[in-house]
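See below for coords-v1.cif, which holds mmCIF, C-alpha atoms.
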data_structure
loop_
_atom_site.label_atom_id
_atom_site.label_comp_id
_atom_site.auth_asym_id
_atom_site.auth_seq_id
_atom_site.Cartn_x
_atom_site.Cartn_y
_atom_site.Cartn_z
CA MET D 1 9.19 17.58 -16.15
CA GLY D 2 11.76 15.34 -17.84
CA SER D 3 11.07 12.11 -19.63
CA PRO D 4 10.69 8.48 -18.60
CA PRO D 5 13.88 6.38 -18.46
CA SER D 6 15.07 5.34 -21.95
CA ALA D 7 14.73 1.76 -23.18
CA SER D 8 18.43 1.02 -23.39
CA LEU D 9 19.97 -2.42 -23.05
CA LYS D 10 21.18 -1.52 -19.57
CA GLN D 11 17.66 -0.59 -18.48
CA ASN D 12 16.19 -3.74 -20.00
CA ASN D 13 18.58 -5.74 -17.84
CA LEU D 14 17.50 -3.68 -14.85
CA ILE D 15 13.85 -4.33 -15.68
CA PHE D 16 14.39 -8.08 -15.61
CA LEU D 17 16.40 -7.80 -12.39
CA VAL D 18 13.59 -5.84 -10.73
CA PHE D 19 11.08 -8.40 -11.96
CA ILE D 20 13.11 -11.28 -10.51
CA VAL D 21 13.45 -9.48 -7.18
CA ILE D 22 9.67 -8.89 -7.11
CA LEU D 23 8.98 -12.56 -7.78
CA PHE D 24 11.42 -13.57 -5.04
CA PHE D 25 9.92 -11.36 -2.36
CA CYS D 26 6.33 -12.04 -3.38
CA SER D 27 6.99 -15.76 -3.08
CA MET D 28 7.89 -15.49 0.60
CA PRO D 29 4.90 -17.01 2.41
CA ASP D 30 5.71 -16.03 5.98
CA LYS D 31 4.90 -12.32 5.83
CA ALA D 32 1.59 -10.70 5.07
CA ASN D 33 2.89 -7.18 4.61
CA LEU D 34 5.93 -7.44 2.39
CA CYS D 35 4.68 -6.64 -1.10
CA SER D 36 1.29 -5.75 -2.47
CA ASN D 37 -1.12 -3.67 -4.37
CA GLN D 38 1.03 -1.22 -2.60
CA SER D 39 1.74 -3.32 0.48
CA SER D 40 2.67 -2.11 3.91
CA VAL D 41 4.45 0.64 5.75
CA ASN D 42 5.48 -0.19 9.32
CA PRO D 43 5.72 3.06 11.30
CA SER D 44 6.20 1.52 14.76
CA ALA D 45 7.11 -1.73 16.46
CA VAL D 46 5.70 -2.99 19.78
CA PRO D 47 2.77 -5.26 20.74
CA TYR D 48 -0.61 -3.73 20.01
CA LYS D 49 -3.49 -3.21 22.41
CA ARG D 50 -6.71 -3.45 20.48
CA SER D 51 -8.93 -1.23 22.62
CA SER D 52 -6.41 1.58 23.06
CA ASN D 53 -5.49 1.53 19.38
CA ILE D 54 -9.12 1.78 18.32
CA SER D 55 -9.73 4.62 20.75
CA SER D 56 -6.63 6.40 19.47
CA LEU D 57 -7.67 6.07 15.82
CA GLU D 58 -11.16 7.33 16.60
CA THR D 59 -9.70 10.66 17.73
CA LEU D 60 -8.48 11.47 14.21
CA GLN D 61 -10.35 14.14 12.25
CA LEU D 62 -10.81 12.67 8.78
CA ASP D 63 -12.67 13.44 5.57
CA GLY D 64 -13.27 9.71 5.29
CA TYR D 65 -13.76 7.15 8.04
CA PHE D 66 -12.56 3.97 9.72
CA SER D 67 -14.43 0.68 9.75
CA PHE D 68 -13.79 -1.57 12.75
CA ASP D 69 -16.58 -4.10 12.20
CA HIS D 70 -17.53 -6.36 9.30
CA ILE D 71 -14.09 -6.06 7.72
CA ASP D 72 -13.51 -9.73 6.92
CA TYR D 73 -13.25 -8.85 3.23
CA ALA D 74 -9.95 -7.05 3.94
CA ALA D 75 -8.48 -10.41 4.98
CA LYS D 76 -9.05 -11.88 1.52
CA ASP D 77 -7.36 -11.46 -1.84
CA PHE D 78 -7.16 -13.06 -5.27
CA GLY D 79 -4.74 -15.73 -4.10
CA ASN D 80 -7.14 -16.90 -1.37
CA ARG D 81 -4.22 -18.50 0.51
CA TYR D 82 -3.76 -16.19 3.46
CA HIS D 83 -6.34 -14.47 5.64
CA PHE D 84 -5.02 -11.82 8.04
CA LEU D 85 -7.75 -9.85 9.78
CA PRO D 86 -6.90 -6.15 10.25
CA LEU D 87 -7.78 -4.01 13.22
CA ALA D 88 -9.46 -1.44 10.99
CA VAL D 89 -10.03 -0.39 7.39
CA LEU D 90 -9.50 3.25 6.44
CA HIS D 91 -11.75 4.61 3.71
CA PRO D 92 -9.91 7.81 2.76
CA LYS D 93 -11.56 10.62 0.88
CA SER D 94 -8.38 12.66 0.68
CA VAL D 95 -4.62 12.24 0.69
CA SER D 96 -4.57 14.01 4.05
CA ASP D 97 -6.61 11.14 5.52
CA ILE D 98 -3.81 8.74 4.59
CA SER D 99 -1.10 11.16 5.69
CA ASN D 100 -2.71 11.95 9.05
CA THR D 101 -3.35 8.27 9.80
CA ILE D 102 0.22 7.18 9.10
CA LYS D 103 1.63 10.21 10.91
CA HIS D 104 -0.54 9.39 13.92
CA ILE D 105 0.61 5.77 14.01
CA PHE D 106 4.22 6.80 13.61
CA LYS D 107 3.92 9.18 16.55
CA MET D 108 2.33 6.45 18.70
CA GLY D 109 5.82 4.95 18.86
CA SER D 110 6.14 2.44 21.69
CA THR D 111 2.40 2.20 22.30
CA SER D 112 1.52 0.18 19.18
CA LYS D 113 2.73 -2.27 16.61
CA LEU D 114 0.41 -1.26 13.81
CA THR D 115 1.37 -1.96 10.22
CA VAL D 116 -0.34 -0.18 7.34
CA ALA D 117 -1.16 -1.89 4.03
CA ALA D 118 -2.65 -0.19 0.99
CA ARG D 119 -5.33 -2.29 -0.67
CA GLY D 120 -6.14 -1.65 -4.29
CA HIS D 121 -8.34 -4.12 -6.17
CA SER D 122 -7.16 -7.00 -3.95
CA HIS D 123 -5.31 -8.88 -6.69
CA SER D 124 -2.35 -9.82 -4.54
CA LEU D 125 -1.68 -13.54 -4.28
CA GLN D 126 -0.13 -14.10 -0.84
CA GLY D 127 -1.81 -11.69 1.53
CA GLN D 128 0.47 -8.80 0.64
CA ALA D 129 -2.29 -6.18 0.84
CA GLN D 130 -3.41 -7.42 4.25
CA ALA D 131 -2.27 -6.14 7.66
CA HIS D 132 -2.61 -8.51 10.62
CA GLN D 133 -4.27 -6.44 13.39
CA GLY D 134 -3.09 -3.36 11.50
CA ILE D 135 -4.68 -0.80 9.20
CA VAL D 136 -5.76 -1.59 5.65
CA ILE D 137 -6.25 1.50 3.47
CA ASN D 138 -8.97 1.08 0.86
CA MET D 139 -7.30 3.03 -1.96
CA GLU D 140 -10.35 2.90 -4.21
CA SER D 141 -12.12 5.20 -1.73
CA LEU D 142 -9.55 7.94 -2.32
CA GLN D 143 -11.13 11.04 -3.82
CA GLY D 144 -8.40 13.33 -5.06
CA PRO D 145 -8.41 15.88 -7.88
CA GLU D 146 -10.10 14.61 -11.03
CA MET D 147 -8.02 12.90 -13.66
CA GLN D 148 -6.18 15.57 -15.67
CA ILE D 149 -4.93 14.98 -19.21
CA HIS D 150 -2.22 17.11 -20.83
CA THR D 151 -2.07 16.95 -24.64
CA GLY D 152 1.17 18.84 -25.27
CA GLU D 153 4.42 17.71 -26.86
CA LEU D 154 4.93 15.16 -24.06
CA PRO D 155 1.35 14.12 -23.26
CA TYR D 156 0.53 12.71 -19.85
CA VAL D 157 -2.31 12.02 -17.44
CA ASP D 158 -2.36 12.84 -13.74
CA ALA D 159 -4.29 10.10 -11.94
CA SER D 160 -5.02 9.06 -8.38
CA GLY D 161 -3.24 6.04 -6.94
CA GLY D 162 -6.67 4.52 -6.43
CA ASP D 163 -7.82 4.94 -10.05
CA LEU D 164 -8.27 1.80 -12.12
CA TRP D 165 -6.28 1.48 -15.32
CA ILE D 166 -9.45 0.70 -17.26
CA ASN D 167 -10.83 4.12 -16.30
CA ILE D 168 -7.60 5.80 -17.35
CA LEU D 169 -7.88 4.05 -20.72
CA HIS D 170 -11.42 5.31 -21.32
CA GLU D 171 -10.61 8.88 -20.25
CA THR D 172 -7.41 9.23 -22.26
CA LEU D 173 -9.01 7.75 -25.38
CA LYS D 174 -11.34 10.78 -25.43
CA TYR D 175 -8.23 12.74 -26.44
CA GLY D 176 -6.93 10.09 -28.84
CA LEU D 177 -4.24 9.11 -26.32
CA ALA D 178 -3.41 6.14 -24.10
CA PRO D 179 -0.63 4.94 -21.76
CA LYS D 180 2.19 3.11 -23.50
CA SER D 181 2.53 0.10 -21.23
CA TRP D 182 -0.14 -2.01 -19.56
CA THR D 183 -0.85 -5.08 -17.49
CA ASP D 184 -2.96 -7.86 -19.00
CA TYR D 185 -5.74 -7.11 -16.50
CA LEU D 186 -6.81 -3.45 -16.40
CA HIS D 187 -9.14 -3.55 -13.41
CA LEU D 188 -6.25 -2.88 -11.04
CA THR D 189 -5.23 0.34 -9.30
CA VAL D 190 -2.48 2.66 -10.48
CA GLY D 191 -0.70 2.54 -7.13
CA GLY D 192 -0.91 -1.23 -7.00
CA THR D 193 0.77 -2.01 -10.31
CA LEU D 194 3.35 0.78 -9.96
CA SER D 195 4.38 -0.60 -6.59
CA ASN D 196 5.25 -3.86 -8.30
CA ALA D 197 6.25 -3.25 -11.93
CA GLY D 198 3.29 -3.44 -14.31
CA ILE D 199 4.42 -5.92 -16.95
CA SER D 200 2.65 -7.04 -20.10
CA GLY D 201 3.36 -7.72 -23.77
CA GLN D 202 4.30 -4.10 -24.49
CA ALA D 203 7.20 -4.16 -21.99
CA PHE D 204 9.77 -5.29 -24.56
CA LYS D 205 9.11 -2.06 -26.45
CA HIS D 206 8.30 0.54 -23.77
CA GLY D 207 9.49 -1.10 -20.58
CA PRO D 208 7.05 -1.93 -17.76
CA GLN D 209 4.62 0.66 -16.42
CA ILE D 210 7.17 1.92 -13.90
CA ASN D 211 9.38 3.03 -16.82
CA ASN D 212 6.67 5.36 -18.09
CA ILE D 213 6.10 7.62 -15.10
CA TYR D 214 7.06 11.31 -14.97
CA GLN D 215 6.08 12.15 -11.39
CA LEU D 216 4.64 10.67 -8.20
CA GLU D 217 2.94 11.93 -5.08
CA VAL D 218 3.87 9.66 -2.17
CA VAL D 219 2.89 9.40 1.50
CA THR D 220 5.98 8.16 3.34
CA GLY D 221 6.20 5.98 6.44
CA LYS D 222 6.30 9.14 8.55
CA GLY D 223 3.12 10.48 6.99
CA GLU D 224 4.84 13.12 4.89
CA VAL D 225 3.32 13.94 1.49
CA VAL D 226 6.19 14.20 -0.99
CA THR D 227 6.28 14.95 -4.73
CA CYS D 228 9.09 13.14 -6.50
CA THR D 229 10.49 12.77 -10.02
CA GLU D 230 13.68 11.37 -11.52
CA LYS D 231 15.32 14.72 -10.65
CA GLN D 232 13.40 15.81 -7.53
CA ASN D 233 13.60 13.44 -4.55
CA ALA D 234 14.92 10.91 -7.05
CA GLU D 235 15.87 8.33 -4.42
CA LEU D 236 12.27 8.14 -3.23
CA PHE D 237 10.98 8.15 -6.82
CA TYR D 238 13.00 5.10 -7.84
CA GLY D 239 12.50 3.45 -4.47
CA VAL D 240 8.72 3.62 -4.63
CA LEU D 241 8.43 2.50 -8.28
CA GLY D 242 8.56 -1.27 -8.03
CA GLY D 243 9.40 -0.91 -4.33
CA LEU D 244 6.71 -3.31 -3.10
CA GLY D 245 5.14 -0.62 -0.93
CA GLN D 246 8.06 -0.49 1.49
CA PHE D 247 8.97 3.16 0.87
CA GLY D 248 5.55 4.78 0.89
CA ILE D 249 2.07 4.79 -0.58
CA ILE D 250 1.53 6.15 -4.09
CA THR D 251 -1.39 8.58 -4.00
CA ARG D 252 -0.96 10.17 -7.42
CA ALA D 253 1.00 9.47 -10.61
CA ARG D 254 1.82 11.37 -13.79
CA ILE D 255 1.75 8.77 -16.56
CA SER D 256 3.28 9.13 -20.02
CA LEU D 257 0.87 8.86 -22.97
CA GLU D 258 1.12 8.24 -26.71
CA PRO D 259 -1.32 8.43 -29.65
CA ALA D 260 -3.75 5.55 -29.26
CA PRO D 261 -4.29 3.02 -32.05
CA LYS D 262 -7.81 2.18 -33.09
CA MET D 263 -7.58 -1.49 -34.07
CA VAL D 264 -5.52 -4.55 -33.22
CA LYS D 265 -4.59 -7.63 -35.23
CA TRP D 266 -4.54 -10.24 -32.47
CA ILE D 267 -2.78 -13.56 -33.10
CA ARG D 268 -2.05 -16.79 -31.26
CA VAL D 269 0.12 -19.69 -32.36
CA LEU D 270 1.45 -22.83 -30.66
CA TYR D 271 4.81 -24.57 -30.50
CA ASP D 272 5.71 -28.04 -29.29
CA GLU D 273 9.45 -27.31 -29.00
CA PHE D 274 10.69 -24.77 -26.49
CA SER D 275 13.84 -23.99 -28.49
CA LYS D 276 11.80 -22.85 -31.50
CA PHE D 277 9.39 -20.95 -29.26
CA SER D 278 12.12 -19.02 -27.43
CA SER D 279 14.09 -18.41 -30.61
CA ASP D 280 11.08 -16.85 -32.32
CA GLN D 281 10.35 -14.69 -29.28
CA GLU D 282 13.92 -13.41 -29.27
CA ARG D 283 13.80 -12.71 -32.99
CA LEU D 284 10.60 -10.69 -32.72
CA ILE D 285 11.71 -8.77 -29.63
CA SER D 286 15.03 -7.78 -31.19
CA SER D 287 13.52 -6.78 -34.55
CA LYS D 288 13.21 -3.03 -35.20
CA ASP D 289 9.86 -3.33 -36.99
CA SER D 290 8.06 -6.07 -35.12
CA PHE D 291 4.71 -6.60 -33.43
CA ASP D 292 3.47 -4.15 -30.79
CA TYR D 293 2.63 -6.84 -28.25
CA ILE D 294 4.60 -10.05 -27.63
CA GLU D 295 3.92 -12.48 -24.81
CA GLY D 296 4.50 -16.17 -24.28
CA LEU D 297 3.12 -18.81 -21.96
CA VAL D 298 3.17 -22.53 -21.27
CA ILE D 299 0.03 -24.66 -21.59
CA ILE D 300 0.04 -28.16 -20.13
CA ASN D 301 -2.40 -30.96 -20.98
CA ARG D 302 -5.25 -28.67 -22.05
CA THR D 303 -8.31 -30.41 -23.46
CA GLY D 304 -9.90 -28.84 -26.54
CA LEU D 305 -7.55 -25.87 -26.47
CA LEU D 306 -8.04 -24.65 -30.04
CA ASN D 307 -11.78 -25.15 -29.84
CA ASN D 308 -11.85 -22.78 -26.88
CA TRP D 309 -9.95 -20.18 -28.88
CA ARG D 310 -12.72 -20.03 -31.46
CA SER D 311 -14.78 -17.80 -29.18
CA SER D 312 -12.28 -14.99 -29.83
CA PHE D 313 -10.34 -16.04 -32.95
CA ASN D 314 -10.70 -17.55 -36.38
CA PRO D 315 -8.37 -20.38 -37.40
CA LYS D 316 -6.31 -19.77 -40.54
CA ASP D 317 -6.95 -23.39 -41.55
CA PRO D 318 -10.20 -24.59 -39.87
CA LEU D 319 -9.85 -28.19 -41.06
CA GLN D 320 -6.30 -28.65 -39.79
CA ALA D 321 -7.12 -26.83 -36.56
CA SER D 322 -10.00 -29.23 -35.89
CA ARG D 323 -7.59 -32.17 -36.16
CA PHE D 324 -5.04 -30.76 -33.72
CA ILE D 325 -4.85 -32.60 -30.40
CA SER D 326 -3.69 -30.69 -27.33
CA GLU D 327 -4.45 -33.29 -24.66
CA GLY D 328 -1.43 -34.78 -22.93
CA LYS D 329 0.99 -32.27 -24.43
CA THR D 330 3.13 -29.46 -23.14
CA LEU D 331 2.66 -26.59 -25.56
CA TYR D 332 4.09 -23.08 -25.82
CA CYS D 333 1.78 -20.28 -26.86
CA LEU D 334 2.99 -17.11 -28.52
CA GLU D 335 0.46 -14.28 -28.30
CA ILE D 336 1.24 -11.33 -30.53
CA ALA D 337 -0.54 -8.24 -31.77
CA LYS D 338 -0.11 -5.49 -34.33
CA TYR D 339 -1.78 -2.10 -33.87
CA PHE D 340 -3.24 -0.29 -36.86
CA SER D 341 -5.78 2.22 -38.15
CA PRO D 342 -8.63 1.00 -40.41
CA ASP D 343 -7.18 2.83 -43.42
CA GLU D 344 -3.88 0.97 -42.93
CA SER D 345 -5.41 -2.50 -42.97
CA ASP D 346 -3.78 -3.71 -46.19
CA ILE D 347 -0.30 -2.54 -45.17
CA MET D 348 -0.74 -4.08 -41.72
CA ASN D 349 -1.81 -7.44 -43.19
CA GLN D 350 1.22 -7.52 -45.50
CA LYS D 351 3.56 -6.73 -42.64
CA THR D 352 1.92 -9.32 -40.38
CA GLU D 353 2.17 -12.05 -43.02
CA SER D 354 5.84 -11.19 -43.54
CA LEU D 355 6.60 -11.44 -39.82
CA LEU D 356 4.66 -14.70 -39.44
CA SER D 357 6.48 -16.25 -42.40
CA GLU D 358 9.73 -16.05 -40.41
CA LEU D 359 8.36 -18.02 -37.46
CA SER D 360 8.45 -21.78 -36.79
CA TYR D 361 5.09 -22.36 -35.09
CA ILE D 362 2.78 -25.33 -35.75
CA SER D 363 0.99 -24.17 -38.90
CA SER D 364 -2.40 -25.65 -37.98
CA THR D 365 -2.52 -23.58 -34.77
CA LEU D 366 -2.52 -20.10 -36.35
CA PHE D 367 -5.53 -18.19 -35.04
CA LEU D 368 -6.25 -14.55 -35.89
CA SER D 369 -8.72 -11.85 -34.94
CA GLU D 370 -9.25 -8.14 -35.50
CA VAL D 371 -10.66 -6.23 -32.53
CA SER D 372 -10.79 -2.68 -31.25
CA TYR D 373 -7.94 -1.40 -29.10
CA VAL D 374 -10.20 -1.35 -26.03
CA GLU D 375 -11.41 -4.91 -26.62
CA PHE D 376 -7.84 -6.15 -26.88
CA LEU D 377 -6.58 -4.42 -23.75
CA ASP D 378 -9.64 -5.43 -21.72
CA ARG D 379 -9.80 -8.97 -23.12
CA VAL D 380 -9.06 -10.76 -19.84
CA HIS D 381 -11.84 -8.97 -18.00
CA LEU D 382 -14.29 -9.61 -20.85
CA SER D 383 -13.35 -13.30 -20.73
CA GLU D 384 -13.81 -13.24 -16.96
CA ILE D 385 -17.32 -11.83 -17.33
CA ASN D 386 -18.16 -14.49 -19.90
CA LEU D 387 -16.92 -17.27 -17.63
CA ARG D 388 -18.82 -15.94 -14.63
CA SER D 389 -22.00 -15.87 -16.69
CA LYS D 390 -21.45 -19.60 -17.24
CA GLY D 391 -20.70 -20.22 -13.56
CA ILE D 392 -17.00 -20.88 -14.21
CA SER D 393 -14.22 -19.44 -12.05
CA GLY D 394 -11.05 -18.16 -13.69
CA LYS D 395 -9.69 -15.69 -16.18
CA ASP D 396 -9.93 -17.62 -19.39
CA SER D 397 -11.50 -20.87 -20.52
CA SER D 398 -8.15 -22.15 -21.78
CA GLY D 399 -6.45 -21.23 -18.53
CA GLU D 400 -3.85 -18.89 -20.02
CA TYR D 401 -4.41 -15.79 -18.01
CA GLY D 402 -3.24 -14.99 -14.54
CA PRO D 403 -4.41 -12.18 -12.23
#
Could you rewrite the structure in this file as structure tokens?
Amino acid sequence: MGSPPSASLKQNNLIFLVFIVILFFCSMPDKANLCSNQSSVNPSAVPYKRSSNISSLETLQLDGYFSFDHIDYAAKDFGNRYHFLPLAVLHPKSVSDISNTIKHIFKMGSTSKLTVAARGHSHSLQGQAQAHQGIVINMESLQGPEMQIHTGELPYVDASGGDLWINILHETLKYGLAPKSWTDYLHLTVGGTLSNAGISGQAFKHGPQINNIYQLEVVTGKGEVVTCTEKQNAELFYGVLGGLGQFGIITRARISLEPAPKMVKWIRVLYDEFSKFSSDQERLISSKDSFDYIEGLVIINRTGLLNNWRSSFNPKDPLQASRFISEGKTLYCLEIAKYFSPDESDIMNQKTESLLSELSYISSTLFLSEVSYVEFLDRVHLSEINLRSKGISGKDSSGEYGP
């Protein structure tokens, strides 16, 4: 089975290079099917004929089905900037549905110009999971083998490409295990984040999600179903992970697990000087015994910022926090967390205080909270639910969180 790539300096450089490449391609506005929650595979290349293409697709024997009407939703995503209406939406119930559809389109050759885009939870920003007059595959409809969890020396979970990370979290926690690396928003599909990178505050320690995969099942642009690892079909394995959907569609993944913590000390602090902010980040990331989660962000001209934090945190110094003014300022937020078990609370607090004492944040902006591991990982979604209940759109009342 092998092990995920090691977190060496060389690989960390590669991680950042992959991330930059992803940002570059995802920023290109002129193409709907370049990168995605899996993105697109283009099996053929000539002008389409709507009626003949529909008739051709209707001949396929599938476990699932195609939708040709009322599919406007497939032309929308989280970014809400681009709207490309597909010809059809495939609702697969099996991997063979995806394989047979792509194989059929590939064999159509000169009779169609159908692209295929895999749509996860539609959190792409620039229409990447859309396919103009092509086929959108609704990955959440995929019904493969049930999630399987292995608790041996190298624990792992086998999950469908259409499974949501939040569901993987809940299932693996039943065995006292959890994936090592996450995204900040867990209501995304496995195939979607692995086709990009899957980056969050644990990446400095474990690498992004794509660095924690043992094995993949992939449907290629020819409709072939291929199993790949770092040793078997390695070129496809590394091409698909972070490959923006251009080398195939991930239908199953074997994900590395570790013992799951029970509690999290969750902390936020602010800086008004970027040099101090970046220096502290570098110090924490390079330290051997640091926090388990480290992430930074920029906050510009945010009214009542610290007051908004009170819904999730307690200020270390309430009086000084109440006097802090965030309006009209560019501030840098460091969000950090330390995992622990309830019986290790005293040791964790001592270690946390020691680490914080080495940092140069604005003292009045220290906010702390202790939450369960699940609450911490699912915090963006919980904030989203709270905002929706108040009729507010967005991920977080202070505007920190992205998709």
Query raised in the report: Which neighbours of range 324-330 of chain D fall inside 7 Å, counting all atoms listed in the file, when residues of the same chain fewer than 5 positions from it are skipped, and could you give them as a PyMOL selection string?
Result: chain D and resi 272+299-305
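Against this structure, the PyMOL selection byres ((chain D and resi 256-259) around 7) ends up with Pro155, Tyr156, Val157, Gly176, Leu177, Ala178, Pro179, Lys180, Asn212, Ile213, Tyr214, Arg254, Ile255, Ala260 and Pro261 of chain D.
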Report task. Can you work out the spacing between CA of Arg323 in chain D and CA of Tyr293 in chain D in Å, to one decimal? Result -> 28.4 Å
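Among the candidates D:Val374, D:Ala197, D:Leu319, D:Met139, the residue lying nearest to Met263 in chain D is D:Val374 (atoms considered: all atoms listed in the file).
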Query raised in the report: If you count only C-alpha atoms, which residues fall within 10 Å of range 63-76 of chain D, apart from same-chain ones fewer than 3 positions away, as a count of residues only?
Result: 42
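Distances to Gly161 in chain D were evaluated for D:Leu331, D:Leu194, D:Leu355, D:Leu236 using only C-alpha atoms, and the minimum falls at D:Leu194.
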How big is the axis-aligned box around the listed atoms of range 288-293 of chain D once 4 Å is added on each side, and where is its centre? Give both in Å to one decimal, as lines of an AutoDock Vina configuration file.
center_x = 7.9
center_y = -4.9
center_z = -32.6
size_x = 18.6
size_y = 11.8
size_z = 16.7
Query raised in the report: What separation in Å, quoted to one decimal, exists between CA of Gly248 in chain D and CA of Val218 in chain D?
Result: 6.0 Å
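Counting from CA of Gln320 in chain D, the distance to CA of Ser345 in chain D is 26.4 Å.
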Query raised in the report: Got a sec: who's within 9 Å of Lys262 in chain D, counting all atoms listed in the file, leaving out chain neighbours fewer than 4 positions off, as a PyMOL selection string?
Result: chain D and resi 339-342+371-374
Need the shell around range 202-205 of chain D: protein/DNA/RNA residues with any atom at most 7 Å away, counting all atoms listed in the file. Skip same-chain ones fewer than 2 positions apart. Format as a PDB file with C-alpha atoms, keeping the file's coordinate frame?
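Saved the output as result_13.pdb:
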ATOM      1  CA  SER D 181       2.530   0.100 -21.230  1.00  0.00           C
ATOM      2  CA  TRP D 182      -0.140  -2.010 -19.560  1.00  0.00           C
ATOM      3  CA  ILE D 199       4.420  -5.920 -16.950  1.00  0.00           C
ATOM      4  CA  SER D 200       2.650  -7.040 -20.100  1.00  0.00           C
ATOM      5  CA  GLY D 207       9.490  -1.100 -20.580  1.00  0.00           C
ATOM      6  CA  PRO D 208       7.050  -1.930 -17.760  1.00  0.00           C
ATOM      7  CA  ILE D 285      11.710  -8.770 -29.630  1.00  0.00           C
ATOM      8  CA  ASP D 292       3.470  -4.150 -30.790  1.00  0.00           C
ATOM      9  CA  TYR D 293       2.630  -6.840 -28.250  1.00  0.00           C
ATOM     10  CA  ILE D 294       4.600 -10.050 -27.630  1.00  0.00           C
TER      11      ILE D 294
END
